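Structure file target.pdb with PDB, C-alpha atoms:
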ATOM      1  CA  MET A   1     -10.206  83.977  19.973
ATOM      2  CA  ARG A   2     -12.437  86.401  21.890
ATOM      3  CA  ASP A   3     -15.356  85.888  19.497
ATOM      4  CA  VAL A   4     -15.110  82.109  19.640
ATOM      5  CA  LEU A   5     -15.023  82.075  23.436
ATOM      6  CA  GLN A   6     -17.822  84.632  23.688
ATOM      7  CA  ALA A   7     -20.061  82.623  21.374
ATOM      8  CA  GLY A   8     -19.196  79.241  22.825
ATOM      9  CA  LEU A   9     -19.381  79.961  26.541
ATOM     10  CA  SER A  10     -21.375  83.181  27.044
ATOM     11  CA  PRO A  11     -18.909  84.089  29.775
ATOM     12  CA  THR A  12     -19.724  86.512  32.569
ATOM     13  CA  ARG A  13     -16.071  87.502  32.578
ATOM     14  CA  LEU A  14     -13.493  87.196  29.795
ATOM     15  CA  GLU A  15      -9.959  88.557  30.010
ATOM     16  CA  ILE A  16      -7.368  87.842  27.355
ATOM     17  CA  THR A  17      -3.798  88.992  27.861
ATOM     18  CA  ASP A  18      -1.150  88.618  25.181
ATOM     19  CA  GLU A  19       2.078  87.740  26.959
ATOM     20  CA  SER A  20       4.084  86.910  23.870
ATOM     21  CA  ALA A  21       6.588  89.656  24.557
ATOM     22  CA  LEU A  22       7.527  88.028  27.848
ATOM     23  CA  HIS A  23       8.464  84.861  26.031
ATOM     24  CA  ALA A  24      10.244  86.240  22.983
ATOM     25  CA  GLY A  25      13.263  84.153  22.142
ATOM     26  CA  HIS A  26      12.445  81.043  24.060
ATOM     27  CA  SER A  27       9.332  80.088  22.118
ATOM     28  CA  ALA A  28      11.394  79.253  19.054
ATOM     29  CA  MET A  29      12.465  76.166  20.976
ATOM     30  CA  GLY A  30      11.588  73.094  19.001
ATOM     31  CA  HIS A  31      10.676  75.135  15.954
ATOM     32  CA  LYS A  32      14.115  76.024  14.813
ATOM     33  CA  ALA A  33      13.385  74.600  11.373
ATOM     34  CA  SER A  34      10.891  77.366  10.704
ATOM     35  CA  GLY A  35      13.475  79.997  11.589
ATOM     36  CA  GLU A  36      10.737  82.128  13.051
ATOM     37  CA  ASP A  37       9.646  83.130  16.482
ATOM     38  CA  VAL A  38       6.065  84.047  15.858
ATOM     39  CA  GLU A  39       4.120  81.835  18.192
ATOM     40  CA  SER A  40       2.111  83.510  20.829
ATOM     41  CA  HIS A  41       1.477  83.110  24.520
ATOM     42  CA  PHE A  42      -1.888  84.076  25.940
ATOM     43  CA  ARG A  43      -3.270  84.245  29.445
ATOM     44  CA  VAL A  44      -7.027  83.889  29.564
ATOM     45  CA  VAL A  45      -9.418  84.209  32.479
ATOM     46  CA  ILE A  46     -12.963  83.015  31.868
ATOM     47  CA  GLU A  47     -15.874  82.963  34.246
ATOM     48  CA  ALA A  48     -18.860  81.097  32.853
ATOM     49  CA  ALA A  49     -21.900  79.333  34.239
ATOM     50  CA  ALA A  50     -21.073  76.452  31.904
ATOM     51  CA  PHE A  51     -18.137  75.506  34.149
ATOM     52  CA  ALA A  52     -20.227  74.988  37.273
ATOM     53  CA  GLY A  53     -19.925  71.484  38.645
ATOM     54  CA  LEU A  54     -17.137  70.499  36.241
ATOM     55  CA  ARG A  55     -13.662  69.435  37.249
ATOM     56  CA  PRO A  56     -10.688  71.443  35.925
ATOM     57  CA  LEU A  57      -9.845  68.870  33.264
ATOM     58  CA  ALA A  58     -13.385  69.010  31.844
ATOM     59  CA  ARG A  59     -13.367  72.826  31.851
ATOM     60  CA  HIS A  60     -10.062  72.941  30.026
ATOM     61  CA  ARG A  61     -11.273  70.405  27.482
ATOM     62  CA  MET A  62     -14.287  72.621  26.697
ATOM     63  CA  VAL A  63     -12.033  75.590  25.987
ATOM     64  CA  ASN A  64      -9.497  73.507  24.082
ATOM     65  CA  ALA A  65     -12.303  72.206  21.862
ATOM     66  CA  LEU A  66     -13.463  75.741  21.069
ATOM     67  CA  LEU A  67      -9.925  76.891  20.277
ATOM     68  CA  LYS A  68      -8.884  73.711  18.477
ATOM     69  CA  SER A  69      -7.912  75.250  15.163
ATOM     70  CA  ALA A  70      -6.126  78.227  16.712
ATOM     71  CA  LEU A  71      -4.172  75.939  19.026
ATOM     72  CA  GLU A  72      -2.935  73.987  16.040
ATOM     73  CA  THR A  73      -1.661  77.063  14.250
ATOM     74  CA  ASP A  74      -1.375  80.407  16.013
ATOM     75  CA  ILE A  75      -1.291  79.748  19.711
ATOM     76  CA  HIS A  76       1.895  78.337  21.144
ATOM     77  CA  ALA A  77       0.927  78.482  24.782
ATOM     78  CA  LEU A  78      -2.251  79.207  26.604
ATOM     79  CA  SER A  79      -2.619  79.699  30.303
ATOM     80  CA  LEU A  80      -6.211  79.270  31.434
ATOM     81  CA  LYS A  81      -7.992  80.201  34.596
ATOM     82  CA  LEU A  82     -11.533  78.843  34.335
ATOM     83  CA  LEU A  83     -14.068  79.772  36.954
ATOM     84  CA  ALA A  84     -17.720  79.199  37.589
ATOM     85  CA  PRO A  85     -19.619  82.235  38.899
ATOM     86  CA  GLY A  86     -18.856  82.749  42.574
ATOM     87  CA  GLU A  87     -15.437  81.074  42.436
ATOM     88  CA  SER A  88     -12.193  82.977  42.679
TER      89      SER A  88
ATOM     90  CA  MET B   1      21.781  63.669  56.849
ATOM     91  CA  LEU B   2      22.350  62.078  53.485
ATOM     92  CA  THR B   3      20.846  63.726  50.476
ATOM     93  CA  GLU B   4      18.227  61.731  48.609
ATOM     94  CA  GLY B   5      19.171  60.364  45.217
ATOM     95  CA  PRO B   6      17.857  61.902  42.024
ATOM     96  CA  VAL B   7      14.086  62.112  41.921
ATOM     97  CA  TRP B   8      13.958  61.427  38.205
ATOM     98  CA  PRO B   9      16.192  58.493  37.400
ATOM     99  CA  LEU B  10      14.191  57.641  34.363
ATOM    100  CA  THR B  11      14.458  59.230  30.982
ATOM    101  CA  TRP B  12      12.695  57.461  28.175
ATOM    102  CA  ASN B  13      13.997  57.770  24.696
ATOM    103  CA  LEU B  14      12.150  56.939  21.571
ATOM    104  CA  PRO B  15      14.262  54.849  19.176
ATOM    105  CA  MET B  16      15.026  56.899  16.078
ATOM    106  CA  SER B  17      13.518  54.246  13.845
ATOM    107  CA  GLU B  18      10.118  54.503  15.478
ATOM    108  CA  THR B  19       8.404  57.284  13.624
ATOM    109  CA  LEU B  20       5.191  55.575  12.574
ATOM    110  CA  ASP B  21       2.102  56.699  14.441
ATOM    111  CA  ALA B  22       1.482  53.175  15.700
ATOM    112  CA  ASP B  23       5.027  52.883  17.094
ATOM    113  CA  VAL B  24       4.803  56.247  18.803
ATOM    114  CA  HIS B  25       1.449  55.362  20.294
ATOM    115  CA  ALA B  26       2.851  52.072  21.610
ATOM    116  CA  PHE B  27       5.869  53.861  23.091
ATOM    117  CA  ILE B  28       3.659  56.398  24.896
ATOM    118  CA  ASP B  29       1.300  53.689  26.059
ATOM    119  CA  LYS B  30       4.169  51.680  27.507
ATOM    120  CA  ALA B  31       5.689  54.742  29.184
ATOM    121  CA  VAL B  32       2.441  55.647  30.986
ATOM    122  CA  LYS B  33       1.673  52.050  31.954
ATOM    123  CA  ASP B  34       5.145  51.057  33.136
ATOM    124  CA  ASN B  35       5.658  54.144  35.287
ATOM    125  CA  PRO B  36       3.253  55.276  38.006
ATOM    126  CA  VAL B  37       4.018  58.955  37.353
ATOM    127  CA  VAL B  38       5.119  60.195  33.936
ATOM    128  CA  LEU B  39       5.694  63.748  32.788
ATOM    129  CA  PHE B  40       5.885  64.498  29.083
ATOM    130  CA  MET B  41       7.795  67.761  28.914
ATOM    131  CA  LYS B  42       9.997  70.042  26.836
ATOM    132  CA  GLY B  43      13.568  69.409  27.881
ATOM    133  CA  VAL B  44      14.657  67.332  30.852
ATOM    134  CA  PRO B  45      13.847  67.864  34.543
ATOM    135  CA  ASP B  46      17.105  69.565  35.457
ATOM    136  CA  GLN B  47      17.045  71.622  32.268
ATOM    137  CA  PRO B  48      13.467  72.319  31.178
ATOM    138  CA  ALA B  49      13.176  74.071  27.817
ATOM    139  CA  CYS B  50       9.927  75.840  28.557
ATOM    140  CA  GLY B  51       8.548  77.759  31.529
ATOM    141  CA  PHE B  52       5.416  75.628  31.806
ATOM    142  CA  SER B  53       7.438  72.422  31.947
ATOM    143  CA  ALA B  54       9.729  74.022  34.519
ATOM    144  CA  VAL B  55       6.824  74.928  36.806
ATOM    145  CA  THR B  56       5.415  71.417  36.605
ATOM    146  CA  VAL B  57       8.764  69.845  37.456
ATOM    147  CA  GLN B  58       9.129  72.207  40.422
ATOM    148  CA  ILE B  59       5.727  71.186  41.751
ATOM    149  CA  LEU B  60       6.460  67.456  41.476
ATOM    150  CA  ASP B  61       9.831  68.044  43.105
ATOM    151  CA  GLN B  62       8.207  70.061  45.887
ATOM    152  CA  ILE B  63       5.750  67.256  46.613
ATOM    153  CA  GLY B  64       8.618  64.782  46.486
ATOM    154  CA  VAL B  65       7.085  62.223  44.161
ATOM    155  CA  ASP B  66       9.275  60.066  41.912
ATOM    156  CA  PHE B  67       8.481  60.474  38.259
ATOM    157  CA  ALA B  68       9.680  59.443  34.839
ATOM    158  CA  ALA B  69      10.236  62.236  32.343
ATOM    159  CA  VAL B  70       9.912  62.051  28.585
ATOM    160  CA  ASN B  71      11.455  64.874  26.580
ATOM    161  CA  ILE B  72       9.092  65.392  23.648
ATOM    162  CA  LEU B  73      11.582  67.650  21.854
ATOM    163  CA  GLN B  74      13.571  64.538  20.927
ATOM    164  CA  SER B  75      11.147  63.721  18.136
ATOM    165  CA  ASP B  76       8.462  65.559  16.212
ATOM    166  CA  ALA B  77       6.516  62.299  15.929
ATOM    167  CA  LEU B  78       6.493  62.059  19.714
ATOM    168  CA  ARG B  79       5.527  65.708  20.099
ATOM    169  CA  GLN B  80       2.503  65.209  17.849
ATOM    170  CA  GLY B  81       1.821  61.713  19.165
ATOM    171  CA  ILE B  82       1.387  62.757  22.777
ATOM    172  CA  LYS B  83      -1.151  65.409  21.780
ATOM    173  CA  ALA B  84      -3.171  62.794  19.923
ATOM    174  CA  TYR B  85      -2.817  60.237  22.722
ATOM    175  CA  SER B  86      -4.475  62.440  25.318
ATOM    176  CA  ASP B  87      -6.467  64.651  22.942
ATOM    177  CA  TRP B  88      -4.725  67.546  24.685
ATOM    178  CA  PRO B  89      -3.095  70.311  22.652
ATOM    179  CA  THR B  90      -0.209  71.388  24.860
ATOM    180  CA  ILE B  91       2.904  70.217  26.713
ATOM    181  CA  PRO B  92       3.603  69.435  29.567
ATOM    182  CA  GLN B  93       1.256  66.533  30.286
ATOM    183  CA  LEU B  94       1.157  64.563  33.515
ATOM    184  CA  TYR B  95      -0.011  60.954  33.817
ATOM    185  CA  VAL B  96      -0.625  59.089  37.067
ATOM    186  CA  LYS B  97      -1.236  55.332  36.985
ATOM    187  CA  GLY B  98      -1.952  55.483  33.276
ATOM    188  CA  GLU B  99      -4.480  58.290  33.558
ATOM    189  CA  PHE B 100      -4.049  61.741  32.062
ATOM    190  CA  ILE B 101      -4.270  64.300  34.871
ATOM    191  CA  GLY B 102      -3.691  67.587  33.093
ATOM    192  CA  GLY B 103      -1.270  70.235  31.914
ATOM    193  CA  CYS B 104       0.536  73.006  33.770
ATOM    194  CA  ASP B 105      -2.531  75.061  34.785
ATOM    195  CA  ILE B 106      -4.402  72.067  36.154
ATOM    196  CA  ILE B 107      -1.355  70.736  37.970
ATOM    197  CA  ARG B 108      -0.821  74.140  39.546
ATOM    198  CA  GLU B 109      -4.475  74.404  40.617
ATOM    199  CA  MET B 110      -4.416  70.898  42.057
ATOM    200  CA  TYR B 111      -1.145  71.612  43.845
ATOM    201  CA  GLN B 112      -2.492  74.798  45.405
ATOM    202  CA  SER B 113      -5.683  73.090  46.567
ATOM    203  CA  GLY B 114      -3.764  70.131  47.994
ATOM    204  CA  GLU B 115      -5.584  67.818  45.586
ATOM    205  CA  LEU B 116      -2.418  66.752  43.781
ATOM    206  CA  LYS B 117      -0.636  65.626  46.905
ATOM    207  CA  SER B 118      -3.773  63.745  48.000
ATOM    208  CA  LEU B 119      -3.890  62.004  44.637
ATOM    209  CA  PHE B 120      -0.289  60.794  44.965
ATOM    210  CA  ALA B 121      -0.873  59.770  48.574
ATOM    211  CA  GLU B 122      -4.017  57.801  47.697
ATOM    212  CA  GLN B 123      -2.082  55.967  45.013
ATOM    213  CA  GLY B 124       0.647  55.098  47.497
ATOM    214  CA  LEU B 125       3.242  57.112  45.597
ATOM    215  CA  LEU B 126       4.596  59.194  48.455
ATOM    216  CA  PRO B 127       7.087  57.969  51.046
ATOM    217  CA  ALA B 128       5.325  57.172  54.296
TER     218      ALA B 128
END
Would you write the structure of this file as structure tokens?
Amino acid sequence: MRDVLQAGLSPTRLEITDESALHAGHSAMGHKASGEDVESHFRVVIEAAAFAGLRPLARHRMVNALLKSALETDIHALSLKLLAPGES
Amino acid sequence: MLTEGPVWPLTWNLPMSETLDADVHAFIDKAVKDNPVVLFMKGVPDQPACGFSAVTVQILDQIGVDFAAVNILQSDALRQGIKAYSDWPTIPQLYVKGEFIGGCDIIREMYQSGELKSLFAEQGLLPA
């Protein structure tokens, strides 16, 4: 995930936190058939010049597009904070 | 002072027979066009099955807007269908006047900036 985001956005700040442990147990919801609880929750903070002038929905769509395949398989939940340089 | 009635009187259920993509698409389309504010979520508003859905419900409740809720856990076809409908990979998803607004992060950002309340007010969805 880090490599894809690095290559796609050339971010000036990139923080990825794996919060799966906080959600153990509940994330099996809706996936009981698989009998597993392996999906992961990530919190990601990205600061990139590419986000400047874009509304939140457009920023999120850029990241979603980059992570498309991972979102379909490995990532259960993703919390994004997407900033342009100078924003907080 | 009397307590207000339930904020979410509406729960939409997908008929079990409707599992074709076209049926699911039509169901979603009708839900977002017939209701000014629709939240597709995991679980139901008074018992969300996921933290992100819970946060979104809390925000809508805090603002005091009426909304219809669709529990996407009722059907795998619906769960996949809503992702295709909006081209958005995660749940919850909020729609206002037929337009996709965003998921939990965006709703939270818009709530904190006051933008979400303004949006509802502009659309005439908040009590005067």
At a cut-off of 7 Å, which residues of chain A touch chain B? Count only C-alpha atoms and give the answer as a PyMOL selection string. chain A and resi 30+56-57+71+79-80
Within 9 Å of segment 5-17 of chain A, counting only C-alpha atoms, which residues show up once you throw out same-chain ones fewer than 6 positions away? Write them as a VMD selection string, please. chain A and resid 41 to 51 62 to 63 66 to 67 85
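Distances here use all atoms listed in the file; by that measure, the residue among A:Glu19, A:Ala52, A:His60, A:Asp3 closest to Gly86 of chain A is A:Ala52.
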Just how far from atom CA of Ser118 of chain B is atom CA of Val38 of chain B, in Å to one decimal?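 Separation between atom CA of Val38 of chain B and atom CA of Ser118 of chain B: 17.0 Å.
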Counting all atoms listed in the file, closest pick from A:Ser20, A:Ala84, A:Ser40, A:Val4 relative to Asn64 of chain A is A:Val4
For this structure, which residues satisfy the selection - the PyMOL selection byres ((chain B and resi 32) around 8) - when it is evaluated on the file as given? I want them as a list in words.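 Going through the file, the PyMOL selection byres ((chain B and resi 32) around 8) ends up selecting Ile28, Asp29, Lys30, Ala31, Lys33, Asp34, Asn35, Pro36, Val37, Val38, Tyr95, Val96, Lys97, Gly98 and Glu99 of chain B.
Going from atom CA of Ala54 of chain B to atom CA of Val70 of chain B covers 13.4 Å.
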Which residues, named as in the file, does the PyMOL selection byres ((chain B and resi 64) around 10) pick out? Answer as a list in words. Val7, Gln58, Ile59, Leu60, Asp61, Gln62, Ile63, Val65, Asp66, Phe67, Lys117, Phe120, Leu125, Leu126 and Pro127 of chain B
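The gap separating atom CA of Lys83 of chain B from atom CA of Arg2 of chain A is 23.8 Å, in Å to one decimal.
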So, with all atoms listed in the file as the atoms that count, which of A:Asp18, A:Glu72, A:Lys81, A:Glu87 lies closest to Gln80 of chain B?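 Distance minimum relative to Gln80 of chain B lands on A:Glu72.
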Expected axis-aligned box over every listed atom of segment 6-12 of chain A, 3 Å added per side, centre plus edges in Å to one decimal, as AutoDock Vina command-line options:
--center_x -19.6 --center_y 82.9 --center_z 27.0 --size_x 9.6 --size_y 13.3 --size_z 17.2
